[in-house]
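Structure file data-v8.cif with mmCIF, C-alpha atoms:
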```
data_final
loop_
_atom_site.label_atom_id
_atom_site.label_comp_id
_atom_site.auth_asym_id
_atom_site.auth_seq_id
_atom_site.Cartn_x
_atom_site.Cartn_y
_atom_site.Cartn_z
CA MET P 1 95.52 93.59 86.62
CA SER P 2 99.04 93.90 85.16
CA PHE P 3 100.48 90.93 83.29
CA ILE P 4 103.35 90.68 85.80
CA SER P 5 102.41 91.37 89.40
CA ILE P 6 105.04 91.03 92.14
CA ARG P 7 103.77 91.47 95.69
CA GLY P 8 105.81 91.51 98.88
CA LEU P 9 108.56 89.37 97.35
CA THR P 10 111.15 88.35 99.90
CA ALA P 11 113.72 85.91 98.54
CA GLY P 12 117.38 84.94 98.54
CA TYR P 13 119.72 81.97 98.35
CA GLY P 14 119.48 79.32 101.05
CA LYS P 15 119.29 81.11 104.39
CA SER P 16 120.54 84.40 102.93
CA VAL P 17 117.82 87.02 102.27
CA VAL P 18 118.53 89.33 99.32
CA LEU P 19 115.13 90.78 98.36
CA ARG P 20 112.83 92.35 100.91
CA GLY P 21 109.19 93.18 100.22
CA ILE P 22 109.43 93.91 96.48
CA ASP P 23 106.26 95.25 94.79
CA LEU P 24 106.37 95.72 91.01
CA ASP P 25 103.96 95.57 88.05
CA VAL P 26 104.65 95.31 84.32
CA ASP P 27 101.96 95.15 81.65
CA GLU P 28 101.99 94.11 78.01
CA GLY P 29 103.30 96.85 75.74
CA GLU P 30 105.04 98.91 78.43
CA SER P 31 108.71 99.23 79.30
CA VAL P 32 109.93 99.37 82.90
CA ALA P 33 113.49 99.65 84.21
CA VAL P 34 114.97 98.29 87.43
CA VAL P 35 118.07 100.33 88.22
CA GLY P 36 120.57 100.28 91.04
CA LYS P 37 124.19 99.61 91.85
CA ASN P 38 125.90 96.21 91.81
CA GLY P 39 124.66 94.06 94.66
CA ALA P 40 121.29 95.78 94.89
CA GLY P 41 119.41 92.55 94.14
CA LYS P 42 118.38 93.26 90.56
CA SER P 43 119.49 89.94 89.06
CA THR P 44 118.10 88.08 92.08
CA LEU P 45 114.73 89.55 91.15
CA ILE P 46 115.05 88.10 87.64
CA ASN P 47 116.19 84.72 88.97
CA SER P 48 113.11 84.55 91.17
CA PHE P 49 110.87 84.20 88.11
CA PHE P 50 112.56 80.90 87.24
CA GLY P 51 112.94 79.11 90.55
CA GLY P 52 116.52 80.29 91.01
CA THR P 53 116.02 81.65 94.52
CA THR P 54 114.60 80.55 97.85
CA LEU P 55 111.23 82.23 98.40
CA LYS P 56 110.73 83.59 101.90
CA GLY P 57 107.47 85.45 101.29
CA GLY P 58 105.27 87.20 98.75
CA SER P 59 104.48 86.10 95.21
CA ILE P 60 105.18 86.52 91.48
CA THR P 61 102.10 86.31 89.28
CA VAL P 62 102.37 86.00 85.48
CA GLY P 63 99.15 86.29 83.50
CA GLY P 64 97.14 85.45 86.60
CA VAL P 65 99.26 82.37 87.44
CA VAL P 66 101.52 82.31 90.52
CA VAL P 67 104.86 81.02 89.19
CA ASP P 68 107.36 81.56 91.99
CA LYS P 69 106.98 78.02 93.37
CA LEU P 70 106.68 76.30 89.98
CA PRO P 71 109.52 74.72 87.91
CA ALA P 72 111.82 76.99 85.90
CA TYR P 73 109.94 76.34 82.64
CA ALA P 74 106.62 77.60 84.04
CA ALA P 75 107.24 81.34 83.55
CA PRO P 76 108.13 80.95 79.83
CA LYS P 77 105.05 78.80 79.25
CA HIS P 78 102.88 81.50 80.79
CA GLY P 79 104.43 84.38 78.84
CA VAL P 80 107.70 85.61 80.39
CA SER P 81 111.11 84.90 78.84
CA VAL P 82 114.58 86.21 79.67
CA SER P 83 117.69 87.45 77.94
CA PRO P 84 120.07 86.66 80.82
CA GLN P 85 123.08 88.52 82.10
CA GLY P 86 126.12 87.11 80.33
CA ARG P 87 123.90 86.01 77.38
CA LEU P 88 124.54 82.25 77.96
CA ILE P 89 124.94 81.39 74.28
CA LEU P 90 125.50 77.65 73.82
CA PRO P 91 128.90 77.22 72.12
CA HIS P 92 128.17 73.92 70.34
CA LEU P 93 125.08 75.28 68.52
CA THR P 94 124.80 77.56 65.49
CA VAL P 95 123.14 80.96 65.64
CA GLN P 96 119.92 79.53 64.23
CA GLU P 97 119.97 76.56 66.60
CA ASN P 98 120.50 78.88 69.58
CA LEU P 99 117.55 80.97 68.42
CA LEU P 100 115.26 77.97 68.05
CA LEU P 101 115.86 77.00 71.68
CA GLY P 102 113.68 79.97 72.56
CA ALA P 103 110.68 78.32 70.95
CA ALA P 104 110.82 75.34 73.35
CA SER P 105 107.95 76.74 75.45
CA GLY P 106 105.63 76.09 72.50
CA ARG P 107 103.87 79.44 72.76
CA LYS P 108 102.36 80.75 69.55
CA GLY P 109 102.53 84.39 68.50
CA HIS P 110 103.90 86.93 66.08
CA TRP P 111 107.58 86.43 67.00
CA THR P 112 108.76 83.94 64.39
CA LEU P 113 112.26 83.11 63.20
CA GLN P 114 111.68 85.27 60.13
CA ARG P 115 110.57 88.23 62.23
CA VAL P 116 113.59 87.92 64.51
CA PHE P 117 115.84 87.90 61.42
CA GLU P 118 114.06 91.07 60.24
CA LEU P 119 114.79 92.67 63.63
CA PHE P 120 118.43 91.50 63.55
CA PRO P 121 119.54 91.08 59.89
CA ILE P 122 123.09 90.22 60.97
CA LEU P 123 121.77 87.04 62.59
CA LEU P 124 120.25 85.95 59.27
CA GLU P 125 123.56 86.59 57.54
CA ARG P 126 125.45 84.54 60.15
CA ARG P 127 122.79 81.97 61.03
CA GLN P 128 125.07 79.00 60.24
CA ARG P 129 128.00 80.23 62.35
CA MET P 130 128.52 78.97 65.87
CA GLY P 131 126.78 81.23 68.37
CA THR P 132 129.91 82.07 70.34
CA ALA P 133 131.76 83.07 67.13
CA LEU P 134 129.74 86.29 67.08
CA SER P 135 130.91 89.59 68.53
CA GLY P 136 129.64 90.66 71.96
CA GLY P 137 126.98 92.91 70.46
CA GLN P 138 125.82 90.22 68.07
CA GLN P 139 125.63 87.70 70.91
CA GLN P 140 123.39 90.13 72.78
CA MET P 141 121.14 90.32 69.72
CA LEU P 142 121.12 86.52 69.66
CA ALA P 143 120.13 86.33 73.34
CA VAL P 144 117.30 88.81 72.81
CA GLY P 145 116.12 87.04 69.65
CA ARG P 146 116.13 83.69 71.44
CA ALA P 147 113.95 85.14 74.21
CA LEU P 148 111.54 86.65 71.68
CA LEU P 149 111.02 83.28 69.99
CA GLY P 150 109.31 82.21 73.21
CA ASN P 151 106.58 84.71 72.24
CA PRO P 152 106.50 86.38 75.64
CA LYS P 153 103.95 88.95 76.71
CA VAL P 154 106.86 90.51 78.68
CA ILE P 155 110.56 89.98 77.98
CA LEU P 156 113.09 90.34 80.82
CA LEU P 157 116.45 91.88 79.86
CA ASP P 158 119.18 91.44 82.47
CA GLU P 159 122.05 93.93 82.01
CA PRO P 160 121.78 93.96 78.18
CA THR P 161 124.44 96.66 77.67
CA GLU P 162 127.13 94.93 79.73
CA GLY P 163 130.46 95.18 77.91
CA LEU P 164 129.04 96.94 74.85
CA SER P 165 130.28 100.11 73.12
CA PRO P 166 128.13 103.29 72.98
CA VAL P 167 127.40 102.62 69.29
CA LEU P 168 126.01 99.18 70.09
CA VAL P 169 124.00 100.61 72.98
CA ASP P 170 122.38 103.01 70.50
CA GLU P 171 121.41 100.04 68.31
CA LEU P 172 119.83 98.30 71.31
CA VAL P 173 117.81 101.42 72.12
CA ALA P 174 116.17 101.24 68.70
CA THR P 175 115.62 97.48 69.05
CA PHE P 176 114.00 97.64 72.48
CA ASN P 177 111.66 100.40 71.32
CA LYS P 178 110.63 98.28 68.32
CA ILE P 179 109.90 95.35 70.65
CA ARG P 180 107.71 97.51 72.86
CA ASP P 181 105.97 99.06 69.86
CA ALA P 182 105.15 95.53 68.66
CA GLY P 183 103.14 95.05 71.87
CA THR P 184 105.65 93.06 73.93
CA GLY P 185 106.29 94.42 77.41
CA VAL P 186 109.91 94.95 78.47
CA LEU P 187 111.43 94.77 81.95
CA ILE P 188 115.04 95.98 81.79
CA VAL P 189 117.53 95.45 84.60
CA GLU P 190 120.18 98.03 83.79
CA GLN P 191 122.76 100.48 85.16
CA HIS P 192 123.15 102.40 81.88
CA LEU P 193 120.85 105.38 82.55
CA ASN P 194 121.18 106.70 79.01
CA LEU P 195 119.48 103.54 77.72
CA VAL P 196 116.88 103.67 80.50
CA ARG P 197 115.96 107.27 79.61
CA ARG P 198 115.49 106.39 75.94
CA THR P 199 113.63 103.08 76.19
CA THR P 200 111.47 102.98 79.29
CA GLN P 201 108.33 104.64 80.59
CA ARG P 202 108.70 103.87 84.28
CA PHE P 203 111.55 102.94 86.60
CA VAL P 204 112.23 101.66 90.09
CA VAL P 205 115.46 102.07 92.04
CA MET P 206 116.75 99.15 94.11
CA ALA P 207 119.24 99.34 96.98
CA LYS P 208 120.14 96.59 99.43
CA GLY P 209 117.33 94.37 98.18
CA GLU P 210 114.56 96.94 98.50
CA ILE P 211 112.82 99.36 96.14
CA ILE P 212 113.67 102.80 97.49
CA ASP P 213 112.23 104.97 94.71
CA ARG P 214 110.01 104.77 91.63
CA GLY P 215 108.55 107.11 89.05
CA ARG P 216 108.09 108.09 85.43
CA THR P 217 111.30 107.94 83.42
CA ASP P 218 110.77 111.40 82.00
CA ALA P 219 111.27 112.68 85.56
CA ILE P 220 114.30 110.52 86.42
CA ASP P 221 116.67 113.50 86.41
CA THR P 222 114.80 115.47 89.04
CA GLU P 223 116.55 116.17 92.35
CA GLN P 224 114.42 113.65 94.26
CA HIS P 225 115.24 110.76 91.95
CA ARG P 226 118.91 111.70 91.57
CA ALA P 227 119.29 111.33 95.32
CA ALA P 228 117.88 107.80 95.22
CA LEU P 229 120.05 106.82 92.26
CA ALA P 230 123.14 107.98 94.14
CA PHE P 231 122.26 105.94 97.25
#
```

Would you mind writing the structure in this file as structure tokens?
Amino acid sequence: MSFISIRGLTAGYGKSVVLRGIDLDVDEGESVAVVGKNGAGKSTLINSFFGGTTLKGGSITVGGVVVDKLPAYAAPKHGVSVSPQGRLILPHLTVQENLLLGAASGRKGHWTLQRVFELFPILLERRQRMGTALSGGQQQMLAVGRALLGNPKVILLDEPTEGLSPVLVDELVATFNKIRDAGTGVLIVEQHLNLVRRTTQRFVVMAKGEIIDRGRTDAIDTEQHRAALAF
């Protein structure tokens, strides 16, 4: 059984249904992308892990535990953490204090503050600065590092390249591959297909709240998958 198992997930906000019958698996040490245009339901899928949506049907299982009806802190305690869209860096905390928030779940593992600083040396250099004083790319590193300090089995990355230059995207490619190589699974919600091609093994395409296509990333440029991506 995969570490994350989503079955028949139908969810939304209040009476509005956004997701319809989503099935998706992610295991430790693999990298999976969820791609699709704005409004496809990708971020709603991420929010559903943390009690941010109204569940209409189906389930989200993390490490054998059904978390979709549990409080928001349940998924991190069971091994899933998130680097959210928009990064959500707390402005009144330093870089190091923002990072340490990620350890609140109390999970033990190989992702320590020292190891995060090794992954992102610029954060060590600027650890005493306020988190929002960093550049956009550095704030993204901070958001990822904070999620890693929760020692997840799978980290969720919601639109990590948003607003970043191509050079910074290249840096994130190397980082995400290092995270996967360290044994941490990665679920990336992303529109930047160049990053998806270089960091993931599998992908699914979402449109109007449904998964309309899926496959191996090394085949994403075939005619069949191009048609789904253009939908």

*How many Å separate atom CA of P:His225 from atom CA of P:Glu159?*
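Separating atom CA of P:His225 from atom CA of P:Glu159 is a distance of 20.7 Å.
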
*asked:* Could you list, as a ChimeraX atom specification, every residue within 10 Å of P:Gly185, counting only C-alpha atoms and ignoring same-chain residues fewer than 4 positions away?
replied: /P:3-4,26-32,80,152-156,176,179-181

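Ranking P:Pro91, P:Gly215, P:Gly137, P:Gly150 by their shortest atom-to-atom distance to P:Ser105, with all atoms listed in the file included, puts P:Gly150 first.
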
*To one decimal place, how far is atom CA of P:Gly63 from atom CA of P:Ala75 in Å?*
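Separation of atom CA of P:Gly63 and atom CA of P:Ala75: 9.5 Å.
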
*Between atom CA of P:Thr199 and atom CA of P:Gly183, measure the distance and give it in Å to one decimal.*
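Atom-to-atom, atom CA of P:Thr199 and atom CA of P:Gly183 are spaced 13.9 Å apart.
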
*Determine, counting all atoms listed in the file, every residue of protein, DNA or RNA that lies within 12 Å of (122.6, 96.7, 78.5) in the file coordinates, then give the result as number ranges by chain.*
P: 33-35, 83-87, 136-137, 140-141, 143-144, 156-173, 175-176, 187-196, 199

*So which one's closest to P:Val82, P:Ala104, P:Ala11, P:Ile46, P:Leu123? Using all atoms listed in the file, please.*
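Going through P:Ala104, P:Ala11, P:Ile46, P:Leu123 one by one, the smallest distance to P:Val82 is for P:Ile46.
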